[in-house]
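Asker: Contents of model_30.cif (mmCIF, C-alpha atoms):
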data_query
#
loop_
_atom_site.group_PDB
_atom_site.id
_atom_site.type_symbol
_atom_site.label_atom_id
_atom_site.label_comp_id
_atom_site.auth_asym_id
_atom_site.auth_seq_id
_atom_site.Cartn_x
_atom_site.Cartn_y
_atom_site.Cartn_z
ATOM 1 C CA MET A 324 106.474 106.628 83.584
ATOM 2 C CA CYS A 325 109.076 109.182 84.471
ATOM 3 C CA GLN A 326 111.616 109.672 81.676
ATOM 4 C CA SER A 327 113.873 112.322 83.224
ATOM 5 C CA LYS A 328 115.250 113.452 86.538
ATOM 6 C CA MET A 329 113.046 115.554 88.772
ATOM 7 C CA PRO A 330 114.370 118.945 89.870
ATOM 8 C CA VAL A 331 115.789 119.131 93.366
ATOM 9 C CA THR A 332 113.171 121.674 94.456
ATOM 10 C CA MET A 333 109.530 121.039 93.590
ATOM 11 C CA THR A 334 106.407 122.932 94.506
ATOM 12 C CA ALA A 335 103.637 121.270 96.454
ATOM 13 C CA ALA A 336 101.434 121.566 93.372
ATOM 14 C CA SER A 337 103.886 119.734 91.110
ATOM 15 C CA LEU A 338 104.448 117.051 93.757
ATOM 16 C CA LEU A 339 100.713 116.537 94.012
ATOM 17 C CA ALA A 340 100.280 116.394 90.233
ATOM 18 C CA LEU A 341 103.053 113.817 89.874
ATOM 19 C CA THR A 342 101.676 111.567 92.615
ATOM 20 C CA LEU A 343 98.139 111.762 91.273
ATOM 21 C CA HIS A 344 99.434 110.910 87.813
ATOM 22 C CA LEU A 345 101.184 107.826 89.164
ATOM 23 C CA HIS A 346 97.985 106.820 90.949
ATOM 24 C CA ALA A 347 95.896 107.391 87.808
ATOM 25 C CA GLN A 348 94.032 110.333 89.346
ATOM 26 C CA THR A 349 93.217 113.662 87.715
ATOM 27 C CA PRO A 350 95.055 116.645 89.314
ATOM 28 C CA GLN A 351 92.713 119.081 91.040
ATOM 29 C CA GLN A 352 92.994 122.474 92.694
ATOM 30 C CA ASP A 353 95.070 122.501 95.899
ATOM 31 C CA THR A 354 93.193 123.256 99.118
ATOM 32 C CA LEU A 355 94.653 124.064 102.528
ATOM 33 C CA VAL A 356 93.034 122.005 105.313
ATOM 34 C CA TRP A 357 93.733 120.774 108.845
ATOM 35 C CA ALA A 358 94.828 117.107 108.993
ATOM 36 C CA PRO A 359 94.887 115.224 112.328
ATOM 37 C CA VAL A 360 98.110 113.459 113.276
ATOM 38 C CA PRO A 361 98.773 111.675 116.599
ATOM 39 C CA LYS A 362 100.881 113.561 119.154
ATOM 40 C CA THR A 363 102.708 110.297 119.750
ATOM 41 C CA PRO A 364 103.611 109.080 116.262
ATOM 42 C CA ASN A 365 102.397 105.709 115.075
ATOM 43 C CA THR A 366 105.074 103.067 115.041
ATOM 44 C CA TRP A 367 105.870 99.650 113.606
ATOM 45 C CA ILE A 368 104.226 96.615 115.194
ATOM 46 C CA ALA A 369 105.794 93.238 114.350
ATOM 47 C CA PRO A 370 106.042 91.791 111.808
ATOM 48 C CA ASN A 371 105.893 95.247 110.243
ATOM 49 C CA LYS A 372 109.181 97.134 110.083
ATOM 50 C CA PRO A 373 110.550 100.002 108.006
ATOM 51 C CA HIS A 374 112.768 97.840 105.812
ATOM 52 C CA THR A 375 112.563 94.084 105.274
ATOM 53 C CA ARG A 376 115.596 92.943 103.299
ATOM 54 C CA LEU A 377 115.139 89.929 101.076
ATOM 55 C CA THR A 378 118.654 88.767 101.976
ATOM 56 C CA ASP A 379 117.657 88.616 105.658
ATOM 57 C CA VAL A 380 114.434 86.711 104.893
ATOM 58 C CA LEU A 381 116.317 84.131 102.840
ATOM 59 C CA ALA A 382 119.022 83.769 105.501
ATOM 60 C CA ALA A 383 116.376 83.113 108.181
ATOM 61 C CA HIS A 384 115.017 80.172 106.158
ATOM 62 C CA LYS A 385 118.270 78.794 104.810
ATOM 63 C CA GLY A 386 118.025 75.059 104.174
ATOM 64 C CA GLN A 387 114.192 75.006 104.292
ATOM 65 C CA ALA A 388 112.382 73.850 101.158
ATOM 66 C CA ARG A 389 108.988 75.301 102.139
ATOM 67 C CA TRP A 390 108.147 78.190 104.464
ATOM 68 C CA ARG A 391 105.951 81.252 105.023
ATOM 69 C CA GLU A 392 107.307 84.519 106.467
ATOM 70 C CA PRO A 393 104.743 87.142 107.643
ATOM 71 C CA SER A 394 105.911 90.499 106.269
ATOM 72 C CA VAL A 395 102.940 92.891 106.645
ATOM 73 C CA ARG A 396 100.076 92.797 109.122
ATOM 74 C CA ASP A 397 97.887 95.898 108.922
ATOM 75 C CA THR A 398 94.218 96.639 109.531
ATOM 76 C CA LEU A 399 93.700 96.826 105.746
ATOM 77 C CA LEU A 400 96.210 94.490 104.068
ATOM 78 C CA ALA A 401 98.338 91.469 104.960
ATOM 79 C CA ALA A 402 101.350 90.111 103.074
ATOM 80 C CA ASP A 403 103.723 87.146 103.358
ATOM 81 C CA TYR A 404 106.797 85.869 101.607
ATOM 82 C CA VAL A 405 105.946 82.253 100.665
ATOM 83 C CA GLN A 406 108.246 79.542 99.358
ATOM 84 C CA LEU A 407 106.864 76.331 97.848
ATOM 85 C CA ALA A 408 108.996 73.192 97.659
ATOM 86 C CA PRO A 409 109.483 71.431 94.314
ATOM 87 C CA GLY A 410 106.273 69.575 93.447
ATOM 88 C CA GLU A 411 104.211 71.398 96.101
ATOM 89 C CA LYS A 412 100.667 72.432 95.217
ATOM 90 C CA THR A 413 98.071 74.538 97.048
ATOM 91 C CA ARG A 414 94.454 73.522 97.553
ATOM 92 C CA ARG A 415 91.830 74.841 95.127
ATOM 93 C CA GLN A 416 90.508 77.910 96.923
ATOM 94 C CA PHE A 417 89.125 81.447 96.562
ATOM 95 C CA GLN A 418 88.708 84.764 98.345
ATOM 96 C CA PRO A 419 85.057 85.581 99.170
ATOM 97 C CA ASP A 420 84.957 89.372 98.680
ATOM 98 C CA ASN A 421 88.374 90.738 97.762
ATOM 99 C CA PRO A 422 91.249 90.149 95.344
ATOM 100 C CA ILE A 423 94.493 88.376 96.152
ATOM 101 C CA TRP A 424 97.760 88.925 94.290
ATOM 102 C CA TRP A 425 101.349 87.710 94.086
ATOM 103 C CA ILE A 426 104.777 88.811 92.886
ATOM 104 C CA VAL A 427 107.014 85.945 91.770
ATOM 105 C CA GLN A 428 110.545 86.446 93.075
ATOM 106 C CA SER A 429 112.192 83.211 91.914
ATOM 107 C CA GLY A 430 111.443 79.791 90.476
ATOM 108 C CA GLU A 431 108.543 78.745 88.253
ATOM 109 C CA VAL A 432 104.903 78.772 89.393
ATOM 110 C CA ARG A 433 102.020 77.248 87.444
ATOM 111 C CA PHE A 434 98.751 79.098 88.097
ATOM 112 C CA THR A 435 95.394 77.484 87.384
ATOM 113 C CA ILE A 436 92.689 80.149 87.681
ATOM 114 C CA GLU A 437 89.005 79.758 86.923
ATOM 115 C CA GLY A 438 88.230 81.019 83.416
ATOM 116 C CA VAL A 439 91.901 81.506 82.475
ATOM 117 C CA ASP A 440 94.189 79.173 80.556
ATOM 118 C CA PRO A 441 96.853 77.797 82.942
ATOM 119 C CA PHE A 442 100.156 79.662 82.706
ATOM 120 C CA VAL A 443 103.637 79.501 84.222
ATOM 121 C CA ALA A 444 104.878 82.621 86.025
ATOM 122 C CA THR A 445 108.558 83.336 86.574
ATOM 123 C CA LYS A 446 110.520 86.123 88.273
ATOM 124 C CA GLY A 447 108.891 89.516 87.807
ATOM 125 C CA PHE A 448 105.366 88.210 87.116
ATOM 126 C CA LEU A 449 102.525 89.990 88.916
ATOM 127 C CA VAL A 450 99.443 87.747 89.233
ATOM 128 C CA GLN A 451 96.000 88.588 90.629
ATOM 129 C CA VAL A 452 92.739 86.723 91.194
ATOM 130 C CA PRO A 453 89.482 88.681 91.713
ATOM 131 C CA TYR A 454 86.995 87.634 94.361
ATOM 132 C CA ARG A 455 85.201 84.258 94.171
ATOM 133 C CA ASN A 456 87.339 82.921 91.357
ATOM 134 C CA VAL A 457 88.849 79.531 92.236
ATOM 135 C CA TYR A 458 92.621 79.347 91.932
ATOM 136 C CA GLN A 459 95.455 76.935 92.596
ATOM 137 C CA PHE A 460 99.187 77.268 92.113
ATOM 138 C CA GLU A 461 102.118 74.889 92.243
ATOM 139 C CA THR A 462 105.852 74.739 91.721
ATOM 140 C CA ALA A 463 106.480 74.014 88.059
ATOM 141 C CA GLY A 464 110.247 73.544 88.037
ATOM 142 C CA ALA A 465 112.819 71.454 89.886
ATOM 143 C CA ALA A 466 113.712 74.341 92.222
ATOM 144 C CA PRO A 467 111.613 75.929 94.998
ATOM 145 C CA ALA A 468 109.364 78.844 94.013
ATOM 146 C CA LEU A 469 109.344 82.079 96.017
ATOM 147 C CA LEU A 470 106.363 84.466 95.930
ATOM 148 C CA PHE A 471 105.230 87.576 97.773
ATOM 149 C CA GLU A 472 101.513 87.159 98.542
ATOM 150 C CA VAL A 473 99.154 90.048 99.381
ATOM 151 C CA LYS A 474 95.489 90.018 100.356
ATOM 152 C CA VAL A 475 92.958 92.078 102.264
ATOM 153 C CA ALA A 476 93.326 91.675 106.033
ATOM 154 C CA ASP A 477 90.902 89.286 107.744
ATOM 155 C CA SER A 478 89.773 87.879 104.398
ATOM 156 C CA PRO A 479 89.167 84.149 105.028
ATOM 157 C CA THR A 480 89.956 81.518 102.442
ATOM 158 C CA MET A 481 87.047 79.476 101.105
ATOM 159 C CA TYR A 482 87.017 76.234 99.098
ATOM 160 C CA PRO A 483 84.882 74.546 96.428
ATOM 161 C CA ALA A 484 82.647 71.770 97.756
ATOM 162 C CA ASP A 485 84.832 69.084 96.174
ATOM 163 C CA GLU A 486 88.006 70.338 97.914
ATOM 164 C CA THR A 487 89.180 69.567 101.462
ATOM 165 C CA PRO A 488 89.553 72.820 103.437
ATOM 166 C CA ALA A 489 92.734 73.556 105.354
ATOM 167 C CA PRO A 490 91.968 73.267 109.091
ATOM 168 C CA ILE A 491 91.688 76.516 111.073
ATOM 169 C CA PRO A 492 91.954 76.357 114.896
ATOM 170 C CA GLY A 493 88.623 77.221 116.507
ATOM 171 C CA MET A 494 86.713 77.139 113.204
ATOM 172 C CA GLU A 495 84.639 74.567 111.360
ATOM 173 C CA PHE A 496 83.585 74.522 107.704
ATOM 174 C CA VAL A 497 79.930 74.209 106.658
ATOM 175 C CA LYS A 498 78.562 73.779 103.136
ATOM 176 C CA VAL A 499 76.612 76.798 101.822
ATOM 177 C CA ARG A 500 75.242 78.144 98.528
ATOM 178 C CA ILE A 501 76.847 81.235 96.938
ATOM 179 C CA SER A 502 76.566 83.157 93.661
ATOM 180 C CA GLY A 503 78.342 85.884 91.717
ATOM 181 C CA LYS A 504 82.026 86.570 91.126
ATOM 182 C CA ALA A 505 84.309 89.270 89.775
ATOM 183 C CA THR A 506 85.607 89.032 86.222
ATOM 184 C CA TYR A 507 88.785 89.948 84.406
ATOM 185 C CA SER A 508 88.765 92.890 81.989
ATOM 186 C CA ASP A 509 91.079 95.215 80.077
ATOM 187 C CA THR A 510 92.012 96.851 83.381
ATOM 188 C CA VAL A 511 91.865 93.749 85.620
ATOM 189 C CA ARG A 512 94.406 91.403 84.062
ATOM 190 C CA PRO A 513 95.329 87.910 85.303
ATOM 191 C CA PHE A 514 99.037 88.721 85.132
ATOM 192 C CA LEU A 515 101.697 91.198 84.092
ATOM 193 C CA ASP A 516 105.054 89.861 82.966
ATOM 194 C CA PHE A 517 107.005 92.838 84.281
ATOM 195 C CA ASN A 518 110.422 91.732 83.048
ATOM 196 C CA GLY A 519 109.023 90.558 79.722
ATOM 197 C CA ALA A 520 107.194 93.838 79.222
ATOM 198 C CA LEU A 521 110.398 95.757 79.924
ATOM 199 C CA ALA A 522 112.366 93.618 77.477
ATOM 200 C CA ALA A 523 109.739 94.313 74.832
ATOM 201 C CA GLY A 524 109.879 98.042 75.559
ATOM 202 C CA LYS A 525 106.235 98.175 76.649
ATOM 203 C CA ARG A 526 104.856 100.656 79.161
ATOM 204 C CA VAL A 527 104.143 98.900 82.465
ATOM 205 C CA ALA A 528 103.584 101.771 84.909
ATOM 206 C CA GLY A 529 100.137 102.208 86.436
ATOM 207 C CA ALA A 530 97.627 100.347 88.555
ATOM 208 C CA PHE A 531 97.750 96.545 88.502
ATOM 209 C CA VAL A 532 95.216 95.940 91.308
ATOM 210 C CA SER A 533 92.469 98.528 91.758
ATOM 211 C CA ASP A 534 89.658 97.405 94.053
ATOM 212 C CA PRO A 535 87.531 99.324 96.572
ATOM 213 C CA ARG A 536 89.520 97.607 99.337
ATOM 214 C CA ALA A 537 92.949 97.180 97.727
ATOM 215 C CA PHE A 538 95.360 99.010 95.434
ATOM 216 C CA ALA A 539 98.695 97.993 93.899
ATOM 217 C CA ASN A 540 100.415 100.490 91.603
ATOM 218 C CA VAL A 541 103.513 100.024 89.423
ATOM 219 C CA ILE A 542 105.733 103.134 89.601
ATOM 220 C CA ARG A 543 108.825 103.271 87.368
ATOM 221 C CA GLY A 544 111.311 106.059 86.738
ATOM 222 C CA LEU A 545 114.869 107.393 86.615
ATOM 223 C CA PRO A 546 116.947 108.702 89.577
ATOM 224 C CA GLN A 547 115.521 111.759 91.323
ATOM 225 C CA GLY A 548 117.133 114.585 93.262
ATOM 226 C CA ASP A 549 116.106 115.353 96.842
ATOM 227 C CA ASN A 550 114.847 118.586 98.372
ATOM 228 C CA PRO A 551 116.072 118.440 102.013
ATOM 229 C CA ASN A 552 112.962 120.387 103.076
ATOM 230 C CA ASP A 553 110.618 117.866 101.485
ATOM 231 C CA LYS A 554 109.115 115.422 104.004
ATOM 232 C CA GLY A 555 106.975 113.812 101.310
ATOM 233 C CA HIS A 556 103.376 113.157 102.309
ATOM 234 C CA PHE A 557 101.258 111.022 104.642
ATOM 235 C CA HIS A 558 97.940 109.163 104.530
ATOM 236 C CA GLU A 559 95.180 109.429 107.120
ATOM 237 C CA VAL A 560 93.456 106.051 106.853
ATOM 238 C CA SER A 561 95.891 103.573 105.316
ATOM 239 C CA ALA A 562 99.415 102.379 105.864
ATOM 240 C CA GLU A 563 101.475 101.939 102.696
ATOM 241 C CA PHE A 564 104.113 99.427 101.705
ATOM 242 C CA TRP A 565 106.227 98.733 98.653
ATOM 243 C CA PHE A 566 107.835 95.777 96.901
ATOM 244 C CA VAL A 567 110.922 96.790 94.940
ATOM 245 C CA LEU A 568 110.562 95.226 91.489
ATOM 246 C CA GLU A 569 113.687 96.658 89.881
ATOM 247 C CA GLY A 570 116.781 98.656 90.776
ATOM 248 C CA THR A 571 117.101 100.825 93.890
ATOM 249 C CA ILE A 572 114.440 102.903 95.656
ATOM 250 C CA ASN A 573 115.547 105.627 98.081
ATOM 251 C CA TYR A 574 113.302 106.218 101.120
ATOM 252 C CA LYS A 575 112.865 109.044 103.595
ATOM 253 C CA ILE A 576 110.487 108.091 106.440
ATOM 254 C CA ALA A 577 109.828 110.530 109.289
ATOM 255 C CA ASP A 578 113.008 110.894 111.386
ATOM 256 C CA LEU A 579 114.641 107.654 110.246
ATOM 257 C CA PRO A 580 117.972 107.881 108.396
ATOM 258 C CA ILE A 581 117.436 107.940 104.633
ATOM 259 C CA PHE A 582 118.010 104.449 103.202
ATOM 260 C CA ASP A 583 118.025 102.463 99.949
ATOM 261 C CA ALA A 584 115.905 99.363 99.271
ATOM 262 C CA ALA A 585 116.950 96.805 96.646
ATOM 263 C CA GLN A 586 115.008 94.433 94.397
ATOM 264 C CA GLY A 587 112.877 92.039 96.442
ATOM 265 C CA ASP A 588 112.942 94.231 99.592
ATOM 266 C CA ILE A 589 109.780 95.380 101.408
ATOM 267 C CA VAL A 590 109.352 98.870 102.900
ATOM 268 C CA PHE A 591 106.424 99.698 105.217
ATOM 269 C CA VAL A 592 105.200 103.013 106.634
ATOM 270 C CA PRO A 593 102.323 103.346 109.161
ATOM 271 C CA LYS A 594 99.426 105.674 108.444
ATOM 272 C CA GLN A 595 99.780 109.361 109.395
ATOM 273 C CA MET A 596 103.570 109.253 109.027
ATOM 274 C CA TRP A 597 105.571 111.476 106.646
ATOM 275 C CA HIS A 598 107.369 109.569 103.910
ATOM 276 C CA ARG A 599 108.682 109.851 100.389
ATOM 277 C CA ALA A 600 110.061 107.318 97.884
ATOM 278 C CA HIS A 601 112.526 108.340 95.178
ATOM 279 C CA HIS A 602 113.973 106.434 92.266
ATOM 280 C CA GLY A 603 117.600 105.853 93.242
ATOM 281 C CA GLY A 604 120.622 104.117 91.798
ATOM 282 C CA THR A 605 121.890 104.928 88.328
ATOM 283 C CA GLY A 606 119.220 103.570 85.960
ATOM 284 C CA TYR A 607 115.548 102.749 85.982
ATOM 285 C CA SER A 608 113.958 101.550 89.206
ATOM 286 C CA THR A 609 110.441 100.303 89.883
ATOM 287 C CA ARG A 610 108.324 99.745 92.967
ATOM 288 C CA LEU A 611 104.885 98.262 93.494
ATOM 289 C CA ALA A 612 103.095 100.616 95.905
ATOM 290 C CA MET A 613 100.302 98.971 97.916
ATOM 291 C CA ASN A 614 97.611 100.358 100.203
ATOM 292 C CA GLY A 615 93.921 99.986 100.975
ATOM 293 C CA TYR A 616 92.311 102.588 98.691
ATOM 294 C CA PRO A 617 92.564 103.379 94.951
ATOM 295 C CA GLN A 618 91.882 107.082 95.618
ATOM 296 C CA LEU A 619 93.992 107.356 98.767
ATOM 297 C CA LEU A 620 94.372 110.940 100.007
ATOM 298 C CA HIS A 621 97.916 112.355 99.936
ATOM 299 C CA ASN A 622 98.630 115.094 102.491
ATOM 300 C CA PHE A 623 101.539 117.307 101.373
ATOM 301 C CA GLN A 624 103.425 120.143 103.063
ATOM 302 C CA ARG A 625 102.520 123.754 102.418
ATOM 303 C CA THR A 626 104.414 125.291 99.490
ATOM 304 C CA GLU A 627 106.400 127.678 101.670
ATOM 305 C CA GLU A 628 107.780 124.790 103.729
ATOM 306 C CA LEU A 629 109.418 123.338 100.620
ATOM 307 C CA LYS A 630 111.334 126.500 99.788
ATOM 308 C CA SER A 631 114.954 127.044 100.818
ATOM 309 C CA THR A 632 115.811 129.765 103.348
ATOM 310 C CA LYS A 633 116.896 132.054 100.505
ATOM 311 C CA GLU A 634 113.570 131.632 98.710
ATOM 312 C CA ARG A 635 111.409 132.465 101.732
#
Represent the structure contained in this file as structure tokens.
Answerer:
Amino acid sequence: MCQSKMPVTMTAASLLALTLHLHAQTPQQDTLVWAPVPKTPNTWIAPNKPHTRLTDVLAAHKGQARWREPSVRDTLLAADYVQLAPGEKTRRQFQPDNPIWWIVQSGEVRFTIEGVDPFVATKGFLVQVPYRNVYQFETAGAAPALLFEVKVADSPTMYPADETPAPIPGMEFVKVRISGKATYSDTVRPFLDFNGALAAGKRVAGAFVSDPRAFANVIRGLPQGDNPNDKGHFHEVSAEFWFVLEGTINYKIADLPIFDAAQGDIVFVPKQMWHRAHHGGTGYSTRLAMNGYPQLLHNFQRTEELKSTKER
């Protein structure tokens, strides 16, 4: 958790150390290498876009009690904004090989997860279910409940034998035998009450979901200065996207104008594209960074590229 402002000019080594710290990795010796990037830059393919504003999503579904809005469709992860009407309940279901997780944006949601006492999640709760654990959630209050749902791309939903599967065009369901499931632990928690943890003064930064195929990392800090020469970093094999949990996050993505994202907004960057995220605003801000790999490689600029003209 960052407790002070970062200097305007940072070396590549310090940038790398900070990022690795936020991703719970041990800093190692820098190495210069060649990294492939496409001559024609990758771009955004709908529904992906640089900045999805929560206000726009809500306006598009004004007057609807229940809806689902695709927000991210990538080769590694998929994410939707989902609103449940009062009294609505999902089927009992599970993910076969990967975790699924949610961020509660508004309303009250009762989660019933195999092996866990049922609990009610409100705004700011992060909830995850490891693979092959049966879960169900429903609106607990008199108002609709809004969640941001994330799972591994192309991960089908399965159902217990005593549940009725949701129809899928072109598919049929057959009964089979299975065994084994992931378990919760000190590092894999059913939920994090982000707002409650903040109110209690507890440290909340760090990985929430860390799976071989999925990673979601809480990054919190105070406003940061910008080095105009700093393009940030890029990733070779995974896109990255963020959910703003608190405050304002300032983004620089390739040649796009620098912009701010507010609480509830989604920001997406394709793989192999320069980007950087800074804590903006005037107080603390927090983002949940999501990608496909816990040890995702960060490619940074050479140190001399970060220096001002006078320093070179």
Asker: Of the residues A:Pro546, A:Pro393, A:Pro580, A:Gly615, which is the one nearest to Pro373 of chain A, using all atoms listed in the file?
Answerer: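 For Pro373 of chain A, the nearest of the candidates is A:Pro580.
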Asker: Go through A:Ala600, A:Val473, A:Met613, A:Ala463 and flag the residue nearest Val450 of chain A, using all atoms listed in the file for the distances.
Answerer: A:Val473
Asker: May I have the residues within 7 Å of Lys594 of chain A as a list of chain:residue names, using only C-alpha atoms and disregarding those fewer than 3 positions away in the same chain?
Answerer: A:Phe557, A:His558, A:Glu559, A:Val560, A:Ser561, A:Ala562
Asker: What does the distance from atom CA of Tyr507 of chain A to atom CA of Gly519 of chain A come to in Å, to one decimal?
Answerer: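 Value for the atom CA of Tyr507 of chain A-atom CA of Gly519 of chain A distance: 20.8 Å.
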Asker: Suppose a student applies the PyMOL selection byres ((chain A and resi 397) around 12) to this structure; what residues should they get, written as a PyMOL selection string?
Answerer: chain A and resi 366-372+393-396+398-403+473-477+560-564+591-594+613-615
Asker: List the spatial neighbours of Thr487 of chain A as a PDB file with C-alpha atoms, keeping the file's coordinate frame - criterion: any atom at most 10 Å away, all atoms listed in the file, same-chain residues fewer than 5 positions off excluded.
Answerer:
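Result saved to out35.pdb:
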ATOM      1  CA  ARG A 414      94.454  73.522  97.553  1.00  0.00           C
ATOM      2  CA  ARG A 415      91.830  74.841  95.127  1.00  0.00           C
ATOM      3  CA  GLN A 416      90.508  77.910  96.923  1.00  0.00           C
ATOM      4  CA  TYR A 482      87.017  76.234  99.098  1.00  0.00           C
ATOM      5  CA  PHE A 496      83.585  74.522 107.704  1.00  0.00           C
TER       6      PHE A 496
END
Asker: Take the point (98.2, 92.0, 86.6) in the file's coordinates, draw a sphere of radius 7 Å around it, and report as a ChimeraX atom specification every protein, DNA or RNA residue with an atom inside or on it, counting all atoms listed in the file.
Answerer: /A:449-451,511-515,531-532
Asker: Hey, can you check how far atom CA of Leu469 of chain A sits from atom CA of Leu521 of chain A?
Answerer: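 Taking atom CA of Leu469 of chain A and atom CA of Leu521 of chain A, their separation equals 21.1 Å.
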Asker: With the file shown as input, list the residues that the PyMOL selection byres ((chain A and resi 421-430) around 7) selects, as a PDB file with C-alpha atoms, in the coordinates of the input.
Answerer:
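part.pdb, freshly written:
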ATOM      1  CA  GLN A 418      88.708  84.764  98.345  1.00  0.00           C
ATOM      2  CA  PRO A 419      85.057  85.581  99.170  1.00  0.00           C
ATOM      3  CA  ASP A 420      84.957  89.372  98.680  1.00  0.00           C
ATOM      4  CA  GLU A 431     108.543  78.745  88.253  1.00  0.00           C
ATOM      5  CA  VAL A 432     104.903  78.772  89.393  1.00  0.00           C
ATOM      6  CA  ALA A 444     104.878  82.621  86.025  1.00  0.00           C
ATOM      7  CA  THR A 445     108.558  83.336  86.574  1.00  0.00           C
ATOM      8  CA  LYS A 446     110.520  86.123  88.273  1.00  0.00           C
ATOM      9  CA  GLY A 447     108.891  89.516  87.807  1.00  0.00           C
ATOM     10  CA  PHE A 448     105.366  88.210  87.116  1.00  0.00           C
ATOM     11  CA  LEU A 449     102.525  89.990  88.916  1.00  0.00           C
ATOM     12  CA  VAL A 450      99.443  87.747  89.233  1.00  0.00           C
ATOM     13  CA  GLN A 451      96.000  88.588  90.629  1.00  0.00           C
ATOM     14  CA  VAL A 452      92.739  86.723  91.194  1.00  0.00           C
ATOM     15  CA  PRO A 453      89.482  88.681  91.713  1.00  0.00           C
ATOM     16  CA  TYR A 454      86.995  87.634  94.361  1.00  0.00           C
ATOM     17  CA  GLY A 464     110.247  73.544  88.037  1.00  0.00           C
ATOM     18  CA  ALA A 466     113.712  74.341  92.222  1.00  0.00           C
ATOM     19  CA  PRO A 467     111.613  75.929  94.998  1.00  0.00           C
ATOM     20  CA  ALA A 468     109.364  78.844  94.013  1.00  0.00           C
ATOM     21  CA  LEU A 469     109.344  82.079  96.017  1.00  0.00           C
ATOM     22  CA  LEU A 470     106.363  84.466  95.930  1.00  0.00           C
ATOM     23  CA  PHE A 471     105.230  87.576  97.773  1.00  0.00           C
ATOM     24  CA  GLU A 472     101.513  87.159  98.542  1.00  0.00           C
ATOM     25  CA  VAL A 473      99.154  90.048  99.381  1.00  0.00           C
ATOM     26  CA  LYS A 474      95.489  90.018 100.356  1.00  0.00           C
ATOM     27  CA  VAL A 475      92.958  92.078 102.264  1.00  0.00           C
ATOM     28  CA  GLY A 587     112.877  92.039  96.442  1.00  0.00           C
TER      29      GLY A 587
END
Asker: Need the shell around Gly410 of chain A: protein/DNA/RNA residues with any atom at most 8 Å away, counting all atoms listed in the file. Skip same-chain ones fewer than 2 positions apart. Format as a PyMOL selection string?
Answerer: chain A and resi 408+412+461-465
Asker: List as a list in words the protein and nucleic acid residues near Ile491 of chain A, meaning an atom at most 12 Å away when all atoms listed in the file are counted, but skip any in the same chain fewer than 2 places from it.
Answerer: Pro479, Thr480, Met481, Pro488, Ala489, Gly493, Met494, Glu495 and Phe496 of chain A
Asker: Please compute the atom CA of Thr626 of chain A-atom CA of Gly548 of chain A distance, one decimal, in Å.
Answerer: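 Atom CA of Gly548 of chain A lies 17.8 Å from atom CA of Thr626 of chain A.
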Asker: For a quick check of understanding, using all atoms listed in the file, which of A:Leu407, A:Ala505, A:Pro361, A:Arg543 has the smallest distance to Ala612 of chain A?
Answerer: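 Result for the nearest residue to Ala612 of chain A: A:Arg543.
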Asker: Skipping near chain neighbours, those fewer than 5 positions away, what residues fall within 9 Å of Phe434 of chain A using only C-alpha atoms, listed as a CSV table (one decimal) with C-alpha atoms, keeping the file's coordinate frame?
Answerer:
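result_0.csv written:
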chain,number,residue,atom,x,y,z
A,440,ASP,CA,94.2,79.2,80.6
A,441,PRO,CA,96.9,77.8,82.9
A,442,PHE,CA,100.2,79.7,82.7
A,443,VAL,CA,103.6,79.5,84.2
A,444,ALA,CA,104.9,82.6,86.0
A,450,VAL,CA,99.4,87.7,89.2
A,458,TYR,CA,92.6,79.3,91.9
A,459,GLN,CA,95.5,76.9,92.6
A,460,PHE,CA,99.2,77.3,92.1
A,461,GLU,CA,102.1,74.9,92.2
